[in-house]
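Next up, start-v7.txt (compact mmCIF, C-alpha atoms):
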# COMPACT_ATOMS: atom_id res chain seq x y z
CA MET S 464 0.00 0.00 0.00
CA VAL S 465 2.50 2.52 0.90
CA ALA S 466 5.77 3.44 -0.75
CA VAL S 467 7.77 2.66 2.34
CA ARG S 468 6.37 -0.80 2.51
CA ARG S 469 8.47 -1.57 -0.54
CA ALA S 470 11.06 -2.51 2.02
CA ILE S 471 11.46 -6.22 1.37
CA VAL S 472 10.51 -8.66 4.09
CA PRO S 473 11.28 -12.15 2.86
CA LEU S 474 8.81 -14.88 3.67
CA LEU S 475 10.53 -18.18 2.99
CA LEU S 476 8.23 -21.13 2.38
CA ALA S 477 9.29 -24.53 1.13
CA GLY S 478 9.26 -24.63 -2.64
CA ALA S 479 8.00 -21.04 -2.80
CA LEU S 480 9.36 -17.88 -4.39
CA LEU S 481 10.32 -15.12 -1.96
CA LEU S 482 7.82 -12.28 -2.27
CA THR S 483 7.61 -9.01 -0.37
CA GLY S 484 5.68 -5.92 0.52
CA CYS S 485 2.45 -4.72 2.09
CA SER S 486 -0.81 -4.12 0.23
CA ASP S 487 -1.09 -3.79 -3.52
CA ASP S 488 1.57 -1.15 -4.15
CA THR S 489 4.70 -3.29 -3.78
CA PRO S 490 6.00 -4.94 -6.95
CA ALA S 491 6.21 -8.70 -6.68
CA ALA S 492 8.89 -10.89 -8.22
CA PRO S 493 8.56 -11.75 -11.95
CA ALA S 494 5.99 -14.46 -12.45
CA PRO S 495 6.54 -17.82 -14.12
CA ALA S 496 4.39 -18.75 -17.08
CA PRO S 497 0.74 -17.74 -16.50
CA VAL S 498 -1.44 -20.19 -14.62
CA THR S 499 -5.09 -20.20 -13.72
CA THR S 500 -5.73 -18.11 -10.63
CA ARG S 501 -7.42 -19.70 -7.63
CA THR S 502 -8.47 -16.45 -6.06
CA VAL S 503 -11.14 -16.70 -3.44
CA THR S 504 -14.49 -15.12 -4.30
CA PRO S 505 -16.30 -15.08 -0.98
CA ALA S 506 -20.04 -14.84 -0.73
CA PRO S 507 -21.43 -12.18 1.59
CA THR S 508 -21.06 -13.43 5.14
CA THR S 509 -22.86 -12.21 8.23
CA VAL S 510 -20.68 -12.81 11.26
CA THR S 511 -21.88 -14.14 14.60
CA PRO S 512 -21.90 -11.36 17.19
CA SER S 513 -19.55 -11.52 20.14
CA PRO S 514 -19.39 -9.22 23.18
CA THR S 515 -18.34 -5.66 22.41
CA PRO S 516 -14.84 -4.90 23.78
CA SER S 517 -14.70 -2.79 26.89
CA SER S 518 -12.00 -0.56 25.39
CA SER S 519 -12.67 3.14 25.84
CA SER S 520 -12.14 3.61 22.11
CA VAL S 521 -15.53 2.06 21.35
CA SER S 522 -18.03 4.89 20.94
CA SER S 523 -21.66 4.92 22.01
CA VAL S 524 -23.07 5.93 18.63
CA ALA S 525 -26.47 4.57 17.67
CA PRO S 526 -26.58 1.17 15.94
CA ALA S 527 -26.92 1.19 12.17
CA PRO S 528 -29.18 -1.76 11.29
CA GLY S 529 -29.47 -2.39 7.58
CA LYS S 530 -26.02 -0.98 6.87
CA VAL S 531 -23.43 -3.05 5.02
CA VAL S 532 -19.71 -2.89 5.74
CA VAL S 533 -17.05 -4.70 3.73
CA LEU S 534 -13.86 -5.56 5.61
CA ASP S 535 -10.78 -6.32 3.52
CA PRO S 536 -7.98 -8.01 5.49
CA GLY S 537 -4.80 -7.48 3.46
CA HIS S 538 -2.95 -10.31 1.69
CA ASN S 539 -3.52 -14.03 2.44
CA GLY S 540 -1.63 -16.90 4.02
CA GLY S 541 -1.24 -18.92 0.82
CA ASN S 542 0.09 -16.12 -1.36
CA ALA S 543 3.79 -16.83 -0.87
CA SER S 544 3.48 -20.42 -2.10
CA HIS S 545 1.61 -19.42 -5.28
CA PRO S 546 3.82 -16.79 -6.96
CA ALA S 547 2.43 -17.28 -10.46
CA GLU S 548 -1.07 -16.60 -9.27
CA ILE S 549 -0.37 -13.51 -7.22
CA ASN S 550 2.03 -12.03 -9.80
CA ARG S 551 -0.59 -12.18 -12.56
CA LEU S 552 -1.32 -8.63 -13.68
CA VAL S 553 -4.84 -7.30 -13.10
CA PRO S 554 -6.50 -3.89 -13.59
CA ALA S 555 -5.63 -1.40 -10.86
CA GLY S 556 -7.49 1.71 -12.04
CA ARG S 557 -6.26 4.89 -13.73
CA GLY S 558 -5.07 2.79 -16.67
CA GLN S 559 -2.66 0.84 -14.47
CA THR S 560 -2.12 -2.87 -14.00
CA LYS S 561 -0.57 -4.45 -10.93
CA PRO S 562 0.19 -7.90 -9.57
CA CYS S 563 -2.93 -9.67 -8.34
CA ASN S 564 -1.72 -9.47 -4.74
CA THR S 565 1.43 -9.61 -2.60
CA THR S 566 2.63 -11.52 0.44
CA GLY S 567 2.70 -8.57 2.82
CA THR S 568 5.29 -7.81 5.48
CA ALA S 569 6.06 -9.27 8.92
CA THR S 570 7.59 -8.40 12.27
CA ASN S 571 11.30 -9.03 12.76
CA ALA S 572 10.30 -12.15 14.68
CA GLY S 573 8.25 -13.43 11.72
CA TYR S 574 4.65 -12.68 12.69
CA PRO S 575 3.04 -12.08 9.27
CA GLU S 576 0.89 -9.17 8.23
CA HIS S 577 -1.71 -11.48 6.66
CA ALA S 578 -2.33 -13.14 10.04
CA PHE S 579 -2.55 -9.77 11.81
CA THR S 580 -5.01 -8.29 9.31
CA PHE S 581 -7.25 -11.36 9.28
CA ASP S 582 -7.47 -11.48 13.07
CA VAL S 583 -8.16 -7.74 13.41
CA ALA S 584 -10.79 -7.83 10.65
CA ARG S 585 -12.67 -10.65 12.37
CA ARG S 586 -12.60 -8.77 15.66
CA VAL S 587 -13.93 -5.64 13.95
CA GLY S 588 -16.65 -7.70 12.28
CA ASP S 589 -17.74 -9.21 15.59
CA VAL S 590 -18.23 -5.73 17.08
CA LEU S 591 -20.15 -4.42 14.07
CA ALA S 592 -22.38 -7.49 13.80
CA GLY S 593 -23.31 -7.00 17.44
CA LYS S 594 -24.66 -3.57 16.46
CA GLY S 595 -26.90 -4.97 13.73
CA ILE S 596 -24.54 -4.15 10.86
CA ARG S 597 -24.12 -6.69 8.06
CA VAL S 598 -20.45 -7.54 7.60
CA VAL S 599 -18.92 -8.93 4.40
CA TYR S 600 -15.31 -10.12 4.19
CA THR S 601 -13.14 -10.19 1.08
CA ARG S 602 -11.59 -13.45 2.27
CA GLN S 603 -12.92 -16.16 4.52
CA ASP S 604 -9.70 -17.69 5.88
CA ASP S 605 -5.97 -17.09 6.20
CA THR S 606 -4.77 -20.04 4.16
CA GLY S 607 -6.01 -19.17 0.67
CA VAL S 608 -4.61 -17.26 -2.29
CA GLY S 609 -5.73 -13.73 -3.14
CA PRO S 610 -8.29 -12.49 -3.96
CA CYS S 611 -6.71 -10.13 -6.46
CA VAL S 612 -6.96 -6.41 -5.74
CA ASP S 613 -9.55 -5.87 -8.48
CA ARG S 614 -11.73 -8.64 -7.06
CA ARG S 615 -11.46 -7.19 -3.57
CA ALA S 616 -12.78 -3.88 -4.87
CA ALA S 617 -15.54 -5.67 -6.77
CA ILE S 618 -16.76 -7.40 -3.59
CA GLY S 619 -17.38 -4.02 -1.98
CA ASN S 620 -19.08 -2.69 -5.10
CA GLU S 621 -21.31 -5.73 -5.49
CA ALA S 622 -22.34 -5.60 -1.82
CA ASN S 623 -23.36 -1.94 -2.29
CA ALA S 624 -21.34 -1.33 0.86
CA ASP S 625 -21.96 1.74 2.96
CA ALA S 626 -18.26 1.61 3.87
CA VAL S 627 -15.26 -0.45 2.76
CA VAL S 628 -12.26 -0.61 5.08
CA SER S 629 -9.06 -2.37 4.09
CA ILE S 630 -6.83 -3.37 6.99
CA HIS S 631 -3.04 -3.55 6.64
CA ALA S 632 0.24 -2.99 8.48
CA ASP S 633 3.45 -1.45 7.19
CA GLY S 634 7.03 -2.73 7.07
CA SER S 635 9.36 0.27 7.02
CA THR S 636 12.94 -0.26 8.13
CA ALA S 637 13.59 3.47 8.50
CA ALA S 638 15.03 4.31 11.90
CA GLY S 639 12.28 5.24 14.36
CA ALA S 640 9.46 4.80 11.83
CA ASN S 641 6.21 4.25 13.68
CA GLY S 642 2.53 5.15 13.75
CA PHE S 643 -0.59 4.52 11.69
CA HIS S 644 -1.97 6.31 8.67
CA VAL S 645 -5.12 6.09 6.57
CA ALA S 646 -5.03 6.10 2.77
CA TYR S 647 -7.79 7.23 0.43
CA SER S 648 -8.05 7.55 -3.35
CA SER S 649 -7.01 10.94 -4.69
CA PRO S 650 -7.78 12.56 -7.03
CA PRO S 651 -11.20 10.88 -6.84
CA LEU S 652 -12.43 8.90 -9.83
CA ASN S 653 -16.10 8.96 -8.83
CA ALA S 654 -18.42 10.60 -6.32
CA ALA S 655 -17.88 7.93 -3.66
CA GLN S 656 -14.14 8.48 -3.76
CA GLY S 657 -14.64 12.19 -3.08
CA ALA S 658 -16.19 13.56 0.09
CA PRO S 659 -17.52 10.20 1.43
CA SER S 660 -14.15 8.43 1.26
CA LEU S 661 -12.28 11.42 2.65
CA ARG S 662 -14.77 11.61 5.51
CA LEU S 663 -14.34 7.88 6.22
CA ALA S 664 -10.55 8.31 6.26
CA GLN S 665 -10.78 11.28 8.60
CA VAL S 666 -13.11 9.51 11.04
CA LEU S 667 -10.81 6.47 11.08
CA ARG S 668 -7.83 8.75 11.76
CA ASP S 669 -9.58 10.71 14.50
CA THR S 670 -11.00 7.65 16.25
CA MET S 671 -7.71 5.78 16.22
CA ARG S 672 -5.99 8.77 17.77
CA THR S 673 -8.68 8.87 20.45
CA GLY S 674 -8.03 5.17 21.01
CA GLY S 675 -4.40 5.87 21.88
CA PHE S 676 -2.68 5.26 18.54
CA SER S 677 -0.12 7.74 17.20
CA THR S 678 -0.16 8.97 13.62
CA SER S 679 2.72 8.05 11.35
CA ASN S 680 5.93 10.03 11.68
CA TYR S 681 7.29 8.88 8.33
CA ILE S 682 4.55 8.84 5.71
CA GLY S 683 1.49 10.89 4.85
CA GLY S 684 0.53 14.00 6.77
CA ASN S 685 -1.37 14.22 10.04
CA GLY S 686 -2.33 10.55 9.73
CA LEU S 687 -3.77 10.77 6.21
CA SER S 688 -2.25 9.72 2.88
CA ALA S 689 -3.81 10.65 -0.48
CA ARG S 690 -2.99 7.88 -2.95
CA SER S 691 -3.55 7.40 -6.67
CA ASP S 692 -1.79 4.03 -7.00
CA LEU S 693 -3.79 1.61 -4.84
CA GLY S 694 -5.95 -0.66 -6.97
CA GLY S 695 -8.42 -1.55 -4.24
CA LEU S 696 -9.21 2.14 -3.70
CA ASN S 697 -9.03 3.20 -7.37
CA LEU S 698 -11.58 0.58 -8.43
CA SER S 699 -14.05 1.18 -5.62
CA THR S 700 -17.41 2.79 -6.34
CA ARG S 701 -18.24 2.80 -2.62
CA PRO S 702 -16.76 4.94 0.19
CA ALA S 703 -13.43 3.25 0.90
CA ALA S 704 -10.29 3.78 2.97
CA LEU S 705 -7.24 1.73 3.86
CA VAL S 706 -5.78 1.66 7.37
CA GLU S 707 -2.08 0.98 7.85
CA CYS S 708 -2.31 0.13 11.54
CA GLY S 709 1.36 0.71 12.25
CA ASN S 710 4.89 -0.40 11.43
CA MET S 711 5.51 -4.09 12.06
CA ARG S 712 9.27 -3.50 12.01
CA ASN S 713 9.07 -1.16 14.99
CA ALA S 714 9.63 -3.14 18.19
CA ALA S 715 6.95 -1.42 20.28
CA GLU S 716 4.31 -1.62 17.56
CA ALA S 717 5.25 -5.21 16.75
CA ALA S 718 4.68 -6.16 20.38
CA ARG S 719 1.24 -4.58 20.26
CA MET S 720 0.32 -6.32 17.02
CA THR S 721 1.44 -9.75 18.18
CA SER S 722 -0.64 -9.66 21.37
CA ALA S 723 -4.34 -10.52 21.41
CA GLU S 724 -4.99 -7.53 23.65
CA GLY S 725 -3.20 -5.24 21.21
CA ARG S 726 -5.15 -6.55 18.24
CA GLN S 727 -8.39 -6.09 20.16
CA GLY S 728 -7.37 -2.48 20.70
CA PHE S 729 -6.86 -1.91 16.98
CA ALA S 730 -10.18 -3.61 16.25
CA ALA S 731 -12.08 -1.60 18.84
CA SER S 732 -10.89 1.70 17.37
CA ILE S 733 -11.57 0.69 13.78
CA ALA S 734 -15.04 -0.60 14.66
CA ALA S 735 -15.83 2.58 16.60
CA ALA S 736 -14.74 4.67 13.61
CA ILE S 737 -16.95 2.72 11.23
CA GLU S 738 -19.93 3.08 13.57
CA ALA S 739 -19.33 6.81 13.84
CA TYR S 740 -19.04 7.16 10.06
CA LEU S 741 -22.27 5.24 9.45
CA ALA S 742 -24.08 7.40 11.99
CA SER S 743 -22.81 10.68 10.51

Please express the file's structure as C-alpha cells.
Amino acid sequence: MVAVRRAIVPLLLAGALLLTGCSDDTPAAPAPAPVTTRTVTPAPTTVTPSPTPSSSSVSSVAPAPGKVVVLDPGHNGGNASHPAEINRLVPAGRGQTKPCNTTGTATNAGYPEHAFTFDVARRVGDVLAGKGIRVVYTRQDDTGVGPCVDRRAAIGNEANADAVVSIHADGSTAAGANGFHVAYSSPPLNAAQGAPSLRLAQVLRDTMRTGGFSTSNYIGGNGLSARSDLGGLNLSTRPAALVECGNMRNAAEAARMTSAEGRQGFAASIAAAIEAYLAS
C-alpha cells in the first residue's frame, strides 16, 4: 500500500518464491508462465456477534441496522506459495495494471501481516455485527490465495457497501518509523471516492488517535495519505479507505500487534470509527 512498505521482508516457504511488501503497491517478483488463478471469491457473510470490547475507544453511537460494511484483510496466508497466481497482472485503475496481490510484510520475529489483518478484521466484524450491521469479508480464511486487488474492490461494489475498510500494516525499516496512517483515493475517480471516502478516512484517523494510537511520523501528513496508485481504492465505487495500523518492524508496535490484547485495541478503534461514520 505505501511506498515505504516496498522494504522487502522475505517470507521463505518450502518450494516457494520469496515475495515481499504490504498491500497492492509493492511490486512482486517476476511471475513464471501464466497459470489459472485460484483467487477466493467469498459470498457475503454475516458474522456471529460476540461481546463488544470494553476498550474506551468504542463509541456509544447509535446502531446502524441495515447498513453493510465490507472488511478487507490485506494479503492471504497462501500467497507466498503461489507466486504465479499472485504475480498475474490485473486492472488497478487509472489505466494501471498491478500484480494480483502480494505476500505482505512481517515483524522481525516473523509474525506475518496477513495473520494480523485477518485477526483484526474478524474482531472488527464481531463488534459491528453485534450492532446490527451486516459484515462482508473479502476473504474467509488465512490459508487461501488472493483475492486479487480488483476482485477485492468488486466485492465491496457488489455488496453496495456503505463503507469499505481495508486493513493492513506497514514494514518500514527506516530508523524510528512508527505510527498509523489512513489512505484514500485521490484525485477521486467517482463521487464515492470524493467527500464520502475522505470523511471515512478522517473519522478512522480521529477515532484511532482517540483510542491511543499515534499517527505516522514517516509517511502521509497528520495521519492521512492521499494515494492514486492503490488498486483496491481506485476501483471502488463505494466509500473506501485503507488503514495501515502501524509499522511491524518497529519493536513497540510489533509487540502490540502480536498480542491478542493489542489486536483487540486496533479492532475496537476501527469498529468505533466505522460506527461513527455510518451514523454521521

Checklist entry - When distances are computed from all atoms listed in the file, which of S:Ser743, S:Thr606, S:Gln665, S:Gln727 shows the smallest separation from S:Val590? => result S:Gln727

Checklist entry - Which polymer residues have any atom within 7 Å of an atom of S:Arg615, counting only C-alpha atoms, with same-chain residues fewer than 4 positions away left out, as a PyMOL selection string? => result chain S and resi 601+610-611+619+695

Next on the checklist: From the options S:Asp604, S:Val598, S:Val587, S:Ala735, which residue's atoms come nearest to S:Ile618, counting only C-alpha atoms?
Outcome noted: S:Val598

Next on the checklist: Need to verify the contact set: S:Arg668, 9 Å, all atoms listed in the file, exclusion of same-chain residues closer than 6 positions in sequence. Can you return it as a ChimeraX atom specification?
Outcome noted: /S:643-645,678,685-687,706,736

Item to check | Nearby residues, (-12.8, 8.2, 2.5) file frame, 6 Å, only C-alpha atoms, as a ChimeraX atom specification | outcome: /S:647,659-664,702-704

Write to file, as an mmCIF file, in the coordinates of the input, the residues of the selection just made, with C-alpha atoms.
data_model
loop_
_atom_site.group_PDB
_atom_site.id
_atom_site.type_symbol
_atom_site.label_atom_id
_atom_site.label_comp_id
_atom_site.auth_asym_id
_atom_site.auth_seq_id
_atom_site.Cartn_x
_atom_site.Cartn_y
_atom_site.Cartn_z
ATOM 1 C CA TYR S 647 -7.790 7.230 0.430
ATOM 2 C CA PRO S 659 -17.520 10.200 1.430
ATOM 3 C CA SER S 660 -14.150 8.430 1.260
ATOM 4 C CA LEU S 661 -12.280 11.420 2.650
ATOM 5 C CA ARG S 662 -14.770 11.610 5.510
ATOM 6 C CA LEU S 663 -14.340 7.880 6.220
ATOM 7 C CA ALA S 664 -10.550 8.310 6.260
ATOM 8 C CA PRO S 702 -16.760 4.940 0.190
ATOM 9 C CA ALA S 703 -13.430 3.250 0.900
ATOM 10 C CA ALA S 704 -10.290 3.780 2.970
#

Atoms kept (N, CA and C atoms) for stretch 568-582 of chain S, as a PDB file, in the first residue's frame:
ATOM      1  N   THR S 568       4.066  -7.919   4.677  1.00  0.00           N
ATOM      2  CA  THR S 568       5.285  -7.809   5.477  1.00  0.00           C
ATOM      3  C   THR S 568       5.178  -8.696   6.709  1.00  0.00           C
ATOM      4  N   ALA S 569       6.054  -8.476   7.686  1.00  0.00           N
ATOM      5  CA  ALA S 569       6.056  -9.270   8.919  1.00  0.00           C
ATOM      6  C   ALA S 569       6.887  -8.539   9.959  1.00  0.00           C
ATOM      7  N   THR S 570       6.718  -8.930  11.219  1.00  0.00           N
ATOM      8  CA  THR S 570       7.587  -8.395  12.269  1.00  0.00           C
ATOM      9  C   THR S 570       8.973  -9.013  12.117  1.00  0.00           C
ATOM     10  N   ASN S 571       9.944  -8.462  12.816  1.00  0.00           N
ATOM     11  CA  ASN S 571      11.298  -9.030  12.762  1.00  0.00           C
ATOM     12  C   ASN S 571      11.329 -10.462  13.274  1.00  0.00           C
ATOM     13  N   ALA S 572      10.369 -10.798  14.137  1.00  0.00           N
ATOM     14  CA  ALA S 572      10.300 -12.154  14.675  1.00  0.00           C
ATOM     15  C   ALA S 572       9.505 -13.098  13.779  1.00  0.00           C
ATOM     16  N   GLY S 573       8.925 -12.574  12.681  1.00  0.00           N
ATOM     17  CA  GLY S 573       8.255 -13.433  11.722  1.00  0.00           C
ATOM     18  C   GLY S 573       6.747 -13.494  11.798  1.00  0.00           C
ATOM     19  N   TYR S 574       6.119 -12.692  12.647  1.00  0.00           N
ATOM     20  CA  TYR S 574       4.647 -12.681  12.693  1.00  0.00           C
ATOM     21  C   TYR S 574       4.143 -11.955  11.448  1.00  0.00           C
ATOM     22  N   PRO S 575       3.372 -12.644  10.579  1.00  0.00           N
ATOM     23  CA  PRO S 575       3.039 -12.078   9.271  1.00  0.00           C
ATOM     24  C   PRO S 575       1.866 -11.107   9.281  1.00  0.00           C
ATOM     25  N   GLU S 576       1.957 -10.160   8.384  1.00  0.00           N
ATOM     26  CA  GLU S 576       0.891  -9.174   8.228  1.00  0.00           C
ATOM     27  C   GLU S 576      -0.439  -9.837   7.914  1.00  0.00           C
ATOM     28  N   HIS S 577      -0.428 -10.874   7.054  1.00  0.00           N
ATOM     29  CA  HIS S 577      -1.706 -11.484   6.664  1.00  0.00           C
ATOM     30  C   HIS S 577      -2.441 -12.067   7.862  1.00  0.00           C
ATOM     31  N   ALA S 578      -1.699 -12.605   8.841  1.00  0.00           N
ATOM     32  CA  ALA S 578      -2.334 -13.143  10.042  1.00  0.00           C
ATOM     33  C   ALA S 578      -2.881 -12.012  10.916  1.00  0.00           C
ATOM     34  N   PHE S 579      -2.120 -10.934  11.039  1.00  0.00           N
ATOM     35  CA  PHE S 579      -2.554  -9.772  11.806  1.00  0.00           C
ATOM     36  C   PHE S 579      -3.830  -9.181  11.223  1.00  0.00           C
ATOM     37  N   THR S 580      -3.846  -8.946   9.927  1.00  0.00           N
ATOM     38  CA  THR S 580      -5.008  -8.293   9.309  1.00  0.00           C
ATOM     39  C   THR S 580      -6.252  -9.169   9.387  1.00  0.00           C
ATOM     40  N   PHE S 581      -6.089 -10.469   9.233  1.00  0.00           N
ATOM     41  CA  PHE S 581      -7.247 -11.361   9.277  1.00  0.00           C
ATOM     42  C   PHE S 581      -7.848 -11.384  10.680  1.00  0.00           C
ATOM     43  N   ASP S 582      -6.982 -11.446  11.696  1.00  0.00           N
ATOM     44  CA  ASP S 582      -7.472 -11.482  13.072  1.00  0.00           C
ATOM     45  C   ASP S 582      -8.160 -10.168  13.432  1.00  0.00           C
TER      46      ASP S 582
END
